[in-house]
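Everything below concerns the one structure shown next.
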There are 2 protein chains.
Amino acid sequence: MQRILNNPDNIVEEMLEGFLRNHSDLVCATDNPRAIKSVYSTEGRVGVVTGGGSGHEPAFIGFCGQNMCDAVAVGEICSSPTAKAFLDAFKAVDSGNGVACLYGNYSGDNMNVKMAVRMAKKEGLTVKTVVANDDVASAPKEEKEKRRGIAGEVIMYKCGGAMAATGAKLDEVIRVAQKAVDNTRSVGIGLTPCTLPAVGHPNFEIEDGTMEVGVGPHGEPGMSVCPLETAEGMAEQMLNILLPDYPFVEGDEVCVLVNGMGATPLNELYVLFNEVAKILAEKKIVIYKSYVGNYLTSMDMMGASVTLTKLDEELKKMIDMPAYGVGLQQR
Amino acid sequence: MQRILNNPDNIVEEMLEGFLRNHSDLVCATDNPRAIKSVYSTEGRVGVVTGGGSGHEPAFIGFCGQNMCDAVAVGEICSSPTAKAFLDAFKAVDSGNGVACLYGNYSGDNMNVKMAVRMAKKEGLTVKTVVANDDVASAPKEEKEKRRGIAGEVIMYKCGGAMAATGAKLDEVIRVAQKAVDNTRSVGIGLTPCTLPAVGHPNFEIEDGTMEVGVGPHGEPGMSVCPLETAEGMAEQMLNILLPDYPFVEGDEVCVLVNGMGATPLNELYVLFNEVAKILAEKKIVIYKSYVGNYLTSMDMMGASVTLTKLDEELKKMIDMPAYGVGLQQR
């Protein structure tokens, strides 16, 4: 395993040490070593919290910053933060106006967030939640509540964080974050597996010359394994899955996010985005805003996901708002 | 080869199409399809140009933006831009105040920049150059002029671009960019080779369980191949090479840049930075500013480089100036 590590059991601690040291203008520690917060005050407004397992950097710590998340609960590699970490993240950013906890649909996160919300209630904090379930490949549409959250979570943070920044009340922040999730669909294609440092070898396989459509960020099996396609073919396959699911149709204005899974060269993400843009143009679906880069990765996995969000006037305003974090900077 | 591509011969064209489409707020095309420029005006000041082969994204196109480079000449994968591309980049940003061409020390780039400068002179443009040669591993100190430019180029763009933004004259911009180069040392460690899409297999080898200290961004042989170290051991090895070369000593204030080579997970770059920071603290070398991320990559290569720049009051001002490009955002 060709990686840059000391003891694999200490990666998260050491990563956070380096992260906080490097980004002290933006983020700081809390009393809980597994919760970090932004240096920007939440005084007089709703606090926005997320959290998740590590190994997906810049997610989730990279979305802590201005007009996105105010605190982040940090889990071990590919495992949920504890309920206590979520609770301490809530407490770190509550200014009496309540907390919006925006996170992804994984069983560990669901369990720990629920527990943390109950613990917070006992301490007099109001926390409401939105769960991202944008990954079309992870369950049929009729069971949308079972779908995973993947890179669409970034759009949820962007919109929810922007709404909180306007000074809106908790219910309004929740409504807008939920609308962002409801309007968002994602699907990924995996080209290589990833290796958890503590394991030392891939925990699943993707044979050379094939690709796994719909692979999850922890190597969860996708919808199909098929021969490796060109970038054009990949874009076609992904949009054929995404477009009918919402559905996105002619005249719609959308946000497009092309997300690298970690080890895919950046130039290839632009090549893929270019193909996605060409198909959307043919279908007269208008790209209002786009993001291309590594947002929610799976360590050394190769591959990419495409996320589409249907925008209305309100979501456009949220998408347009400046934001500043390690994982997303927008003026 | 598990990559996201159409025809490997068209990667650069398609990447640029996607890049310009996605970042139209920041960069735009010129009449030459292999030269892009920033949307910010160079009116009344020196224009700053760089260029280099593709496959190193976000370098070099990602350093086109506010207070960094004003135009970038774009080469094919791992090959120099043409003299014409450099010339057209010069012309795109000259406002009569001259152009500073800041680039890395590779024979193709040297040749084409020289030719372009001569062609520019015939057309009445004044272009002066600075060549980054920060890679300590690529030649002994007595032959510094033979050393490659690697991630230290980013510090040259940052400082040169900032100086141009102050409205300084061409000679002053050149002086500051040259000082940034003179004060900068880098070294990399490669953990896996990279694969050029048009070739389809790695053009060199790094055996599992070993690492190549001083590997170049195109797989140029390093100083030594040795058993894979921990992050701490890698940081030690790299600083043992860098510190005596300048030399950096107790009391110095430095900028640290930890650069990922493309496929190394971001969390590991923070782990490495953390080790670098610990050693520098022991040696009482003060980190004034640090950058951690993917700045100058080698497609799917795993590994990282460390760059140190000795700062004086003038360079601190340059480093502190806000900058905004795809590859570097700083407020």
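Starting from 1 in every chain, residues are counted up; chains themselves are A, B, ... following the order of the structure tokens, and ligands are numbered from 1 as listed.
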
Next item on the list: Within 7 Å of region 47-60 of chain B, counting only C-alpha atoms, which residues show up once you throw out same-chain ones fewer than 6 positions away? Write them as a ChimeraX atom specification, please.
Entry: /A:266-267 /B:12,69-81,89-90,93-94,98-103,109,161,295-299,326-327

Writer output for current selection, C-alpha atoms, as a PDB file, in the first residue's frame:
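To be explicit, this is the file written out as part.pdb:
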ATOM      1  CA  LEU A 266      -8.341  16.804 -12.645  1.00  0.00           C
ATOM      2  CA  ASN A 267      -8.032  17.209 -16.420  1.00  0.00           C
TER       3      ASN A 267
ATOM      4  CA  VAL B  12      -6.037  18.928 -23.902  1.00  0.00           C
ATOM      5  CA  CYS B  69      -0.902  34.810 -13.924  1.00  0.00           C
ATOM      6  CA  ASP B  70      -2.778  36.785 -16.546  1.00  0.00           C
ATOM      7  CA  ALA B  71      -2.356  34.269 -19.350  1.00  0.00           C
ATOM      8  CA  VAL B  72      -1.192  30.692 -19.715  1.00  0.00           C
ATOM      9  CA  ALA B  73       0.280  28.919 -22.736  1.00  0.00           C
ATOM     10  CA  VAL B  74      -0.943  25.330 -22.808  1.00  0.00           C
ATOM     11  CA  GLY B  75       1.064  22.379 -24.078  1.00  0.00           C
ATOM     12  CA  GLU B  76       0.038  18.844 -24.882  1.00  0.00           C
ATOM     13  CA  ILE B  77       0.262  16.259 -22.081  1.00  0.00           C
ATOM     14  CA  CYS B  78       3.768  16.507 -20.588  1.00  0.00           C
ATOM     15  CA  SER B  79       5.077  18.593 -23.450  1.00  0.00           C
ATOM     16  CA  SER B  80       5.923  22.266 -23.820  1.00  0.00           C
ATOM     17  CA  PRO B  81       3.535  24.769 -25.347  1.00  0.00           C
ATOM     18  CA  ALA B  89      -0.190  34.583 -24.426  1.00  0.00           C
ATOM     19  CA  PHE B  90       2.231  37.547 -24.218  1.00  0.00           C
ATOM     20  CA  VAL B  93      -1.970  40.493 -21.789  1.00  0.00           C
ATOM     21  CA  ASP B  94       0.527  43.160 -22.813  1.00  0.00           C
ATOM     22  CA  GLY B  98       5.798  44.662 -20.645  1.00  0.00           C
ATOM     23  CA  VAL B  99       5.308  41.020 -19.803  1.00  0.00           C
ATOM     24  CA  ALA B 100       6.917  38.841 -17.132  1.00  0.00           C
ATOM     25  CA  CYS B 101       7.092  35.240 -18.304  1.00  0.00           C
ATOM     26  CA  LEU B 102       7.504  32.990 -15.259  1.00  0.00           C
ATOM     27  CA  TYR B 103       7.971  29.330 -16.064  1.00  0.00           C
ATOM     28  CA  ASP B 109       9.870  25.294 -22.324  1.00  0.00           C
ATOM     29  CA  GLY B 161       1.626  38.096  -9.761  1.00  0.00           C
ATOM     30  CA  TYR B 295      -1.078  22.309  -6.973  1.00  0.00           C
ATOM     31  CA  LEU B 296       1.209  20.724  -9.543  1.00  0.00           C
ATOM     32  CA  THR B 297       0.283  17.105 -10.161  1.00  0.00           C
ATOM     33  CA  SER B 298       1.449  14.303 -12.416  1.00  0.00           C
ATOM     34  CA  MET B 299      -1.850  12.787 -13.446  1.00  0.00           C
ATOM     35  CA  VAL B 326      -8.825  27.656  -9.797  1.00  0.00           C
ATOM     36  CA  GLY B 327      -5.632  26.340  -8.232  1.00  0.00           C
TER      37      GLY B 327
END

Next item on the list: Take CA of Ala180 (chain A) and CA of Ala323 (chain A) and report the distance between them in Å, one decimal.
Entry: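 Answer for the CA of Ala180 (chain A) to CA of Ala323 (chain A) separation: 16.4 Å.
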
Notebook entry, point to check: Can you tell me, as a ChimeraX atom specification, what residues are no more than 8 Å from Glu236 (chain B) when counting only C-alpha atoms, ignoring any on the same chain fewer than 3 positions away?
Noted result: /B:232-233,239-240,276,279

Next item on the list: For each of B:Asp320, B:Glu172, B:Glu143, B:Glu17, take the minimum atom-to-atom distance to chain A, counting only C-alpha atoms, then give the residue where this is smallest.
Entry: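 Closest to chain A, using only C-alpha atoms: B:Glu17.
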
Check: Which is closest to Lys284 (chain A) among A:Glu145, A:Glu253, A:Glu313, A:Asp208, if we use only C-alpha atoms?
Finding: A:Glu253

Note to self: Taking the DSSP secondary structure from the backbone, can you list the residues of region 283-329 of chain B that are helix (DSSP H, G or I), as a PyMOL selection string?
What the structure shows: chain B and resi 313-320

Notebook entry, point to check: To one decimal place, how far is CA of Gly293 (chain A) from CA of Leu269 (chain A) in Å?
Noted result: 6.8 Å

Note to self: I'd like the contact shell of Arg118 (chain A) - 12 Å cut-off, only C-alpha atoms, skipping same-chain residues fewer than 4 positions apart - returned as an NGL selection string.
What the structure shows: :A and (83-84 or 86-87 or 90 or 111-114 or 122-129)

Residues from last step as file, N, CA and C atoms, as a PDB file, in the first residue's frame:
ATOM      1  N   ALA A  83     -22.287  10.044  18.482  1.00  0.00           N
ATOM      2  CA  ALA A  83     -23.386  10.946  18.850  1.00  0.00           C
ATOM      3  C   ALA A  83     -22.821  12.128  19.634  1.00  0.00           C
ATOM      4  N   LYS A  84     -21.848  11.847  20.481  1.00  0.00           N
ATOM      5  CA  LYS A  84     -21.241  12.912  21.294  1.00  0.00           C
ATOM      6  C   LYS A  84     -20.556  13.956  20.403  1.00  0.00           C
ATOM      7  N   PHE A  86     -21.405  14.726  17.311  1.00  0.00           N
ATOM      8  CA  PHE A  86     -22.480  15.543  16.717  1.00  0.00           C
ATOM      9  C   PHE A  86     -23.024  16.528  17.766  1.00  0.00           C
ATOM     10  N   LEU A  87     -23.283  16.017  18.969  1.00  0.00           N
ATOM     11  CA  LEU A  87     -23.823  16.880  20.033  1.00  0.00           C
ATOM     12  C   LEU A  87     -22.878  18.057  20.291  1.00  0.00           C
ATOM     13  N   PHE A  90     -23.115  20.566  17.642  1.00  0.00           N
ATOM     14  CA  PHE A  90     -24.336  21.383  17.795  1.00  0.00           C
ATOM     15  C   PHE A  90     -24.086  22.494  18.821  1.00  0.00           C
ATOM     16  N   MET A 111     -28.214   6.928  13.011  1.00  0.00           N
ATOM     17  CA  MET A 111     -28.346   6.521  14.405  1.00  0.00           C
ATOM     18  C   MET A 111     -27.715   7.562  15.335  1.00  0.00           C
ATOM     19  N   ASN A 112     -26.501   7.970  14.998  1.00  0.00           N
ATOM     20  CA  ASN A 112     -25.788   8.892  15.893  1.00  0.00           C
ATOM     21  C   ASN A 112     -26.382  10.297  15.875  1.00  0.00           C
ATOM     22  N   VAL A 113     -26.859  10.729  14.706  1.00  0.00           N
ATOM     23  CA  VAL A 113     -27.504  12.051  14.656  1.00  0.00           C
ATOM     24  C   VAL A 113     -28.777  12.019  15.499  1.00  0.00           C
ATOM     25  N   LYS A 114     -29.573  10.964  15.355  1.00  0.00           N
ATOM     26  CA  LYS A 114     -30.830  10.874  16.130  1.00  0.00           C
ATOM     27  C   LYS A 114     -30.546  10.935  17.623  1.00  0.00           C
ATOM     28  N   LYS A 122     -32.545  17.519  25.466  1.00  0.00           N
ATOM     29  CA  LYS A 122     -32.486  17.497  26.936  1.00  0.00           C
ATOM     30  C   LYS A 122     -31.721  18.689  27.481  1.00  0.00           C
ATOM     31  N   GLU A 123     -30.778  19.168  26.682  1.00  0.00           N
ATOM     32  CA  GLU A 123     -29.980  20.324  27.120  1.00  0.00           C
ATOM     33  C   GLU A 123     -30.587  21.646  26.659  1.00  0.00           C
ATOM     34  N   GLY A 124     -31.776  21.548  26.047  1.00  0.00           N
ATOM     35  CA  GLY A 124     -32.477  22.774  25.678  1.00  0.00           C
ATOM     36  C   GLY A 124     -32.160  23.315  24.293  1.00  0.00           C
ATOM     37  N   LEU A 125     -31.452  22.517  23.456  1.00  0.00           N
ATOM     38  CA  LEU A 125     -31.139  22.961  22.086  1.00  0.00           C
ATOM     39  C   LEU A 125     -32.169  22.404  21.105  1.00  0.00           C
ATOM     40  N   THR A 126     -32.553  23.215  20.154  1.00  0.00           N
ATOM     41  CA  THR A 126     -33.423  22.739  19.090  1.00  0.00           C
ATOM     42  C   THR A 126     -32.580  22.399  17.872  1.00  0.00           C
ATOM     43  N   VAL A 127     -32.619  21.142  17.481  1.00  0.00           N
ATOM     44  CA  VAL A 127     -31.877  20.708  16.296  1.00  0.00           C
ATOM     45  C   VAL A 127     -32.849  20.056  15.335  1.00  0.00           C
ATOM     46  N   LYS A 128     -32.862  20.500  14.103  1.00  0.00           N
ATOM     47  CA  LYS A 128     -33.659  19.827  13.073  1.00  0.00           C
ATOM     48  C   LYS A 128     -32.713  19.311  11.997  1.00  0.00           C
ATOM     49  N   THR A 129     -33.149  18.300  11.272  1.00  0.00           N
ATOM     50  CA  THR A 129     -32.232  17.602  10.367  1.00  0.00           C
ATOM     51  C   THR A 129     -32.740  17.526   8.929  1.00  0.00           C
TER      52      THR A 129
END

Checklist line | Contact residues around Glu282 (chain A) with only C-alpha atoms at 12 Å, ignoring same-chain residues under 5 positions, as a count of residues only | finding: 8

Next item on the list: Can you list, as a PyMOL selection string, all residues belonging to region 31-230 of chain A that DSSP tags as strand (DSSP E or B)?
Entry: chain A and resi 35-38+47-54+64-66+69+71-77+99-104+127-132+135+184-190+210-213+224-227

Notebook entry, point to check: Which residue out of B:Leu26, B:Ala92, B:Ile150, B:Met302 has the minimum interatomic distance to chain A when only C-alpha atoms are used?
Noted result: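 Of B:Leu26, B:Ala92, B:Ile150, B:Met302, the one nearest chain A is B:Met302, counting only C-alpha atoms.
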
Margin query: Report, in Å with one decimal, the straight-line distance from CA of Glu220 (chain A) to CA of Arg148 (chain A).
Written below: 10.1 Å

Notebook entry, point to check: Out of A:Val254, A:Glu205, A:Leu328, A:Gly260, which residue has the shortest atom-to-atom distance to Lys316 (chain A) when counting only C-alpha atoms?
Noted result: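 Checking each of A:Val254, A:Glu205, A:Leu328, A:Gly260 against Lys316 (chain A), counting only C-alpha atoms, the winner is A:Val254.
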
Check: So, counting only C-alpha atoms, which residue among A:Val286, A:Ala151, A:Ala162, A:Leu280 is closest to Met261 (chain A)?
Finding: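 Smallest distance to Met261 (chain A) is found for A:Ala151.
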